[in-house]
Every structure is written in C-alpha cells, then in structure tokens.
$ cat entry.cif   # mmCIF, C-alpha atoms; chains and numbers go by the auth columns
data_target
loop_
_atom_site.group_PDB
_atom_site.id
_atom_site.type_symbol
_atom_site.label_atom_id
_atom_site.label_comp_id
_atom_site.label_asym_id
_atom_site.label_seq_id
_atom_site.Cartn_x
_atom_site.Cartn_y
_atom_site.Cartn_z
_atom_site.B_iso_or_equiv
_atom_site.auth_seq_id
_atom_site.auth_asym_id
ATOM 1 C CA MET A 1 12.083 -8.790 17.485 0.00 1 A
ATOM 2 C CA ILE A 2 9.172 -9.535 15.200 0.00 2 A
ATOM 3 C CA SER A 3 8.963 -12.466 12.810 0.00 3 A
ATOM 4 C CA ALA A 4 6.661 -14.486 10.574 0.00 4 A
ATOM 5 C CA THR A 5 7.501 -17.686 8.686 0.00 5 A
ATOM 6 C CA PHE A 6 5.951 -18.551 5.320 0.00 6 A
ATOM 7 C CA MET A 7 6.148 -21.566 3.038 0.00 7 A
ATOM 8 C CA GLN A 8 6.294 -21.485 -0.734 0.00 8 A
ATOM 9 C CA GLY A 9 5.530 -24.483 -2.919 0.00 9 A
ATOM 10 C CA ALA A 10 5.086 -23.474 -6.566 0.00 10 A
ATOM 11 C CA GLY A 11 3.756 -26.902 -7.588 0.00 11 A
ATOM 12 C CA PRO A 12 0.584 -26.778 -5.447 0.00 12 A
ATOM 13 C CA GLY A 13 0.324 -22.984 -5.831 0.00 13 A
ATOM 14 C CA VAL A 14 1.437 -21.914 -2.335 0.00 14 A
ATOM 15 C CA PHE A 15 3.282 -18.591 -2.466 0.00 15 A
ATOM 16 C CA LYS A 16 4.889 -16.303 0.107 0.00 16 A
ATOM 17 C CA PRO A 17 4.114 -12.588 0.327 0.00 17 A
ATOM 18 C CA GLY A 18 6.251 -10.133 -1.623 0.00 18 A
ATOM 19 C CA TYR A 19 7.092 -8.307 1.594 0.00 19 A
ATOM 20 C CA MET A 20 6.195 -7.859 5.253 0.00 20 A
ATOM 21 C CA GLU A 21 5.656 -4.325 6.505 0.00 21 A
ATOM 22 C CA VAL A 22 5.333 -3.280 10.156 0.00 22 A
ATOM 23 C CA SER A 23 3.751 0.009 11.239 0.00 23 A
ATOM 24 C CA LEU A 24 3.466 1.491 14.728 0.00 24 A
ATOM 25 C CA SER A 25 0.993 3.951 16.224 0.00 25 A
ATOM 26 C CA SER A 26 0.397 5.663 19.544 0.00 26 A
ATOM 27 C CA ASP A 27 -3.353 6.190 18.978 0.00 27 A
ATOM 28 C CA GLY A 28 -4.385 3.254 16.746 0.00 28 A
ATOM 29 C CA LYS A 29 -5.467 5.614 13.956 0.00 29 A
ATOM 30 C CA ILE A 30 -2.324 7.090 12.412 0.00 30 A
ATOM 31 C CA PHE A 31 0.378 4.505 11.693 0.00 31 A
ATOM 32 C CA GLU A 32 3.997 5.047 10.655 0.00 32 A
ATOM 33 C CA THR A 33 5.869 2.315 8.768 0.00 33 A
ATOM 34 C CA VAL A 34 9.046 1.423 10.670 0.00 34 A
ATOM 35 C CA LEU A 35 10.123 -1.861 9.070 0.00 35 A
ATOM 36 C CA ARG A 36 9.829 -3.477 5.639 0.00 36 A
ATOM 37 C CA ILE A 37 11.318 -6.870 4.789 0.00 37 A
ATOM 38 C CA GLU A 38 11.391 -7.958 1.143 0.00 38 A
ATOM 39 C CA ASN A 39 10.977 -11.544 -0.023 0.00 39 A
ATOM 40 C CA ASP A 40 14.178 -12.609 -1.784 0.00 40 A
ATOM 41 C CA VAL A 41 12.938 -16.020 -3.022 0.00 41 A
ATOM 42 C CA LEU A 42 11.821 -16.147 -6.656 0.00 42 A
ATOM 43 C CA VAL A 43 8.187 -17.024 -7.403 0.00 43 A
ATOM 44 C CA SER A 44 9.496 -19.459 -10.033 0.00 44 A
ATOM 45 C CA GLU A 45 11.371 -21.518 -7.389 0.00 45 A
ATOM 46 C CA LYS A 46 10.036 -25.083 -7.805 0.00 46 A
ATOM 47 C CA GLU A 47 11.211 -26.582 -4.498 0.00 47 A
ATOM 48 C CA LYS A 48 9.375 -26.086 -1.204 0.00 48 A
ATOM 49 C CA VAL A 49 10.979 -23.147 0.620 0.00 49 A
ATOM 50 C CA LEU A 50 10.468 -21.798 4.147 0.00 50 A
ATOM 51 C CA LYS A 51 11.244 -18.091 4.539 0.00 51 A
ATOM 52 C CA ASP A 52 11.554 -16.195 7.828 0.00 52 A
ATOM 53 C CA PHE A 53 10.632 -12.532 7.627 0.00 53 A
ATOM 54 C CA LYS A 54 12.181 -11.074 10.778 0.00 54 A
ATOM 55 C CA GLY A 55 13.511 -7.795 12.018 0.00 55 A
ATOM 56 C CA SER A 56 14.142 -5.731 15.113 0.00 56 A
ATOM 57 C CA LEU A 57 11.850 -3.017 16.452 0.00 57 A
ATOM 58 C CA GLU A 58 14.118 -2.093 19.378 0.00 58 A
ATOM 59 C CA GLU A 59 15.234 1.249 17.952 0.00 59 A
ATOM 60 C CA LYS A 60 12.045 2.078 16.030 0.00 60 A
ATOM 61 C CA LYS A 61 10.188 5.018 17.583 0.00 61 A
ATOM 62 C CA PRO A 62 9.365 3.657 21.058 0.00 62 A
ATOM 63 C CA ASP A 63 6.777 6.421 21.564 0.00 63 A
ATOM 64 C CA LEU A 64 4.676 4.839 18.760 0.00 64 A
ATOM 65 C CA SER A 65 4.706 1.319 20.148 0.00 65 A
ATOM 66 C CA ARG A 66 1.219 1.048 21.651 0.00 66 A
ATOM 67 C CA TYR A 67 -0.361 -0.381 18.452 0.00 67 A
ATOM 68 C CA LEU A 68 1.284 -2.598 15.837 0.00 68 A
ATOM 69 C CA HIS A 69 0.012 -3.280 12.317 0.00 69 A
ATOM 70 C CA GLN A 70 1.526 -5.945 10.031 0.00 70 A
ATOM 71 C CA THR A 71 0.907 -5.900 6.265 0.00 71 A
ATOM 72 C CA PHE A 72 1.798 -8.693 3.853 0.00 72 A
ATOM 73 C CA LYS A 73 1.722 -7.953 0.111 0.00 73 A
ATOM 74 C CA MET A 74 0.610 -10.891 -1.988 0.00 74 A
ATOM 75 C CA ASP A 75 1.474 -10.795 -5.706 0.00 75 A
ATOM 76 C CA PHE A 76 0.947 -14.070 -7.547 0.00 76 A
ATOM 77 C CA TYR A 77 1.971 -12.843 -10.985 0.00 77 A
ATOM 78 C CA SER A 78 5.498 -11.510 -10.436 0.00 78 A
#
$ encode --input "entry.cif" --output "structure tokens"
Amino acid sequence: MISATFMQGAGPGVFKPGYMEVSLSSDGKIFETVLRIENDVLVSEKEKVLKDFKGSLEEKKPDLSRYLHQTFKMDFYS
C-alpha cells in the first residue's frame, strides 16, 4: 500500500495535485508507471478538504520494485 494525504483550501490558495503517479524500476534509470490516482475534488471547492491518494502495489510487477518514484502533477488553473 502506498498513500499520500493532501489538503485543499481554495480561500488561502492551497491546492492538491491533479494526480499521483507511482513508477517502479529495477535499475533506478528506467521506470515503468504502475499506478495513477486522479484527484476527484474540484479546484473550485471552497471548503477545506483532505484527500487521500492511496493504492496497492502488491500485484504491480514485483521484479521492478527496487526503486520507487512518485510524481504529483500540480495544475492551478484547471
């Protein structure tokens, strides 16, 4: 299991990423994306929101699991 929690508060300009992407590699040079979790909370949401981006890596290419790379796309103008 892998997870990251983000807060969004549109009033003070705190926004969550558009998605979380997880890639695995056996050599640390060539990575393969194995998980992508989209943000389903609207940027226009005015209330403070906590969002958990979480997913399972248990069945995701165990031979690639020596290195892990997480990417978070930030897009403030959606």
$ axis_aligned_box --input "entry.cif" --around "region 32-45 of chain A" --padding-each-side "4 Å" --output "AutoDock Vina command-line options"
--center_x 9.1 --center_y -8.2 --center_z 0.3 --size_x 18.2 --size_y 34.6 --size_z 28.7
$ atom_distance --input "entry.cif" --atom1 "CA of Glu38 (chain A)" --atom2 "CA of Phe6 (chain A)"
12.6 Å
$ residues_around --input "entry.cif" --residues "region 17-31 of chain A" --least-positions-apart "4" --cutoff "10 Å" --atoms "all atoms listed in the file" --output "mmCIF file with C-alpha atoms, in the coordinates of the input"
data_model
loop_
_atom_site.group_PDB
_atom_site.id
_atom_site.type_symbol
_atom_site.label_atom_id
_atom_site.label_comp_id
_atom_site.auth_asym_id
_atom_site.auth_seq_id
_atom_site.Cartn_x
_atom_site.Cartn_y
_atom_site.Cartn_z
ATOM 1 C CA ILE A 2 9.172 -9.535 15.200
ATOM 2 C CA SER A 3 8.963 -12.466 12.810
ATOM 3 C CA ALA A 4 6.661 -14.486 10.574
ATOM 4 C CA PHE A 6 5.951 -18.551 5.320
ATOM 5 C CA MET A 7 6.148 -21.566 3.038
ATOM 6 C CA GLN A 8 6.294 -21.485 -0.734
ATOM 7 C CA LEU A 35 10.123 -1.861 9.070
ATOM 8 C CA ARG A 36 9.829 -3.477 5.639
ATOM 9 C CA ILE A 37 11.318 -6.870 4.789
ATOM 10 C CA GLU A 38 11.391 -7.958 1.143
ATOM 11 C CA ASN A 39 10.977 -11.544 -0.023
ATOM 12 C CA ASP A 40 14.178 -12.609 -1.784
ATOM 13 C CA VAL A 41 12.938 -16.020 -3.022
ATOM 14 C CA LEU A 42 11.821 -16.147 -6.656
ATOM 15 C CA VAL A 43 8.187 -17.024 -7.403
ATOM 16 C CA LYS A 51 11.244 -18.091 4.539
ATOM 17 C CA PHE A 53 10.632 -12.532 7.627
ATOM 18 C CA LYS A 54 12.181 -11.074 10.778
ATOM 19 C CA GLY A 55 13.511 -7.795 12.018
ATOM 20 C CA LEU A 57 11.850 -3.017 16.452
ATOM 21 C CA LYS A 60 12.045 2.078 16.030
ATOM 22 C CA LYS A 61 10.188 5.018 17.583
ATOM 23 C CA PRO A 62 9.365 3.657 21.058
ATOM 24 C CA ASP A 63 6.777 6.421 21.564
ATOM 25 C CA LEU A 64 4.676 4.839 18.760
ATOM 26 C CA SER A 65 4.706 1.319 20.148
ATOM 27 C CA ARG A 66 1.219 1.048 21.651
ATOM 28 C CA TYR A 67 -0.361 -0.381 18.452
ATOM 29 C CA LEU A 68 1.284 -2.598 15.837
ATOM 30 C CA HIS A 69 0.012 -3.280 12.317
ATOM 31 C CA GLN A 70 1.526 -5.945 10.031
ATOM 32 C CA THR A 71 0.907 -5.900 6.265
ATOM 33 C CA PHE A 72 1.798 -8.693 3.853
ATOM 34 C CA LYS A 73 1.722 -7.953 0.111
ATOM 35 C CA MET A 74 0.610 -10.891 -1.988
ATOM 36 C CA ASP A 75 1.474 -10.795 -5.706
ATOM 37 C CA PHE A 76 0.947 -14.070 -7.547
ATOM 38 C CA SER A 78 5.498 -11.510 -10.436
#
$ atom_distance --input "entry.cif" --atom1 "CA of Gly9 (chain A)" --atom2 "CA of Lys48 (chain A)"
4.5 Å
$ closest_residue --input "entry.cif" --among "A:Glu59, A:Thr5, A:Lys16, A:Glu47" --to "Val34 (chain A)" --atoms "all atoms listed in the file"
A:Glu59
$ decode --input "entry.cif" --residues "region 46-61 of chain A" --atoms "N, CA and C atoms" --output "short mmCIF file (atom, residue, chain, number, x, y, z; two decimals), in the first residue's frame"
data_model
loop_
_atom_site.label_atom_id
_atom_site.label_comp_id
_atom_site.auth_asym_id
_atom_site.auth_seq_id
_atom_site.Cartn_x
_atom_site.Cartn_y
_atom_site.Cartn_z
N LYS A 46 -14.76 25.36 -2.20
CA LYS A 46 -14.41 26.46 -1.28
C LYS A 46 -14.02 25.98 0.12
N GLU A 47 -14.59 24.85 0.55
CA GLU A 47 -14.30 24.34 1.89
C GLU A 47 -12.94 23.64 1.93
N LYS A 48 -12.35 23.59 3.12
CA LYS A 48 -11.10 22.84 3.30
C LYS A 48 -11.40 21.35 3.13
N VAL A 49 -10.59 20.68 2.31
CA VAL A 49 -10.80 19.26 2.01
C VAL A 49 -9.48 18.51 2.19
N LEU A 50 -9.52 17.36 2.85
CA LEU A 50 -8.38 16.46 2.91
C LEU A 50 -8.64 15.31 1.96
N LYS A 51 -7.66 14.98 1.14
CA LYS A 51 -7.82 13.91 0.14
C LYS A 51 -6.69 12.92 0.30
N ASP A 52 -7.03 11.64 0.44
CA ASP A 52 -6.05 10.56 0.49
C ASP A 52 -5.89 9.99 -0.92
N PHE A 53 -4.68 10.03 -1.42
CA PHE A 53 -4.34 9.35 -2.66
C PHE A 53 -3.70 8.03 -2.22
N LYS A 54 -4.38 6.91 -2.41
CA LYS A 54 -3.79 5.65 -1.98
C LYS A 54 -4.15 4.53 -2.94
N GLY A 55 -3.23 3.58 -3.02
CA GLY A 55 -3.43 2.44 -3.89
C GLY A 55 -2.50 1.31 -3.51
N SER A 56 -2.74 0.16 -4.09
CA SER A 56 -1.97 -1.03 -3.78
C SER A 56 -0.92 -1.30 -4.85
N LEU A 57 0.25 -1.71 -4.41
CA LEU A 57 1.33 -2.08 -5.32
C LEU A 57 1.60 -3.59 -5.26
N GLU A 58 0.77 -4.32 -4.55
CA GLU A 58 1.02 -5.75 -4.30
C GLU A 58 1.13 -6.58 -5.57
N GLU A 59 0.34 -6.26 -6.59
CA GLU A 59 0.36 -7.06 -7.81
C GLU A 59 0.98 -6.30 -8.98
N LYS A 60 1.82 -5.32 -8.69
CA LYS A 60 2.40 -4.47 -9.72
C LYS A 60 3.86 -4.79 -9.98
N LYS A 61 4.14 -5.71 -10.84
CA LYS A 61 5.50 -6.01 -11.31
C LYS A 61 6.52 -6.11 -10.18
#
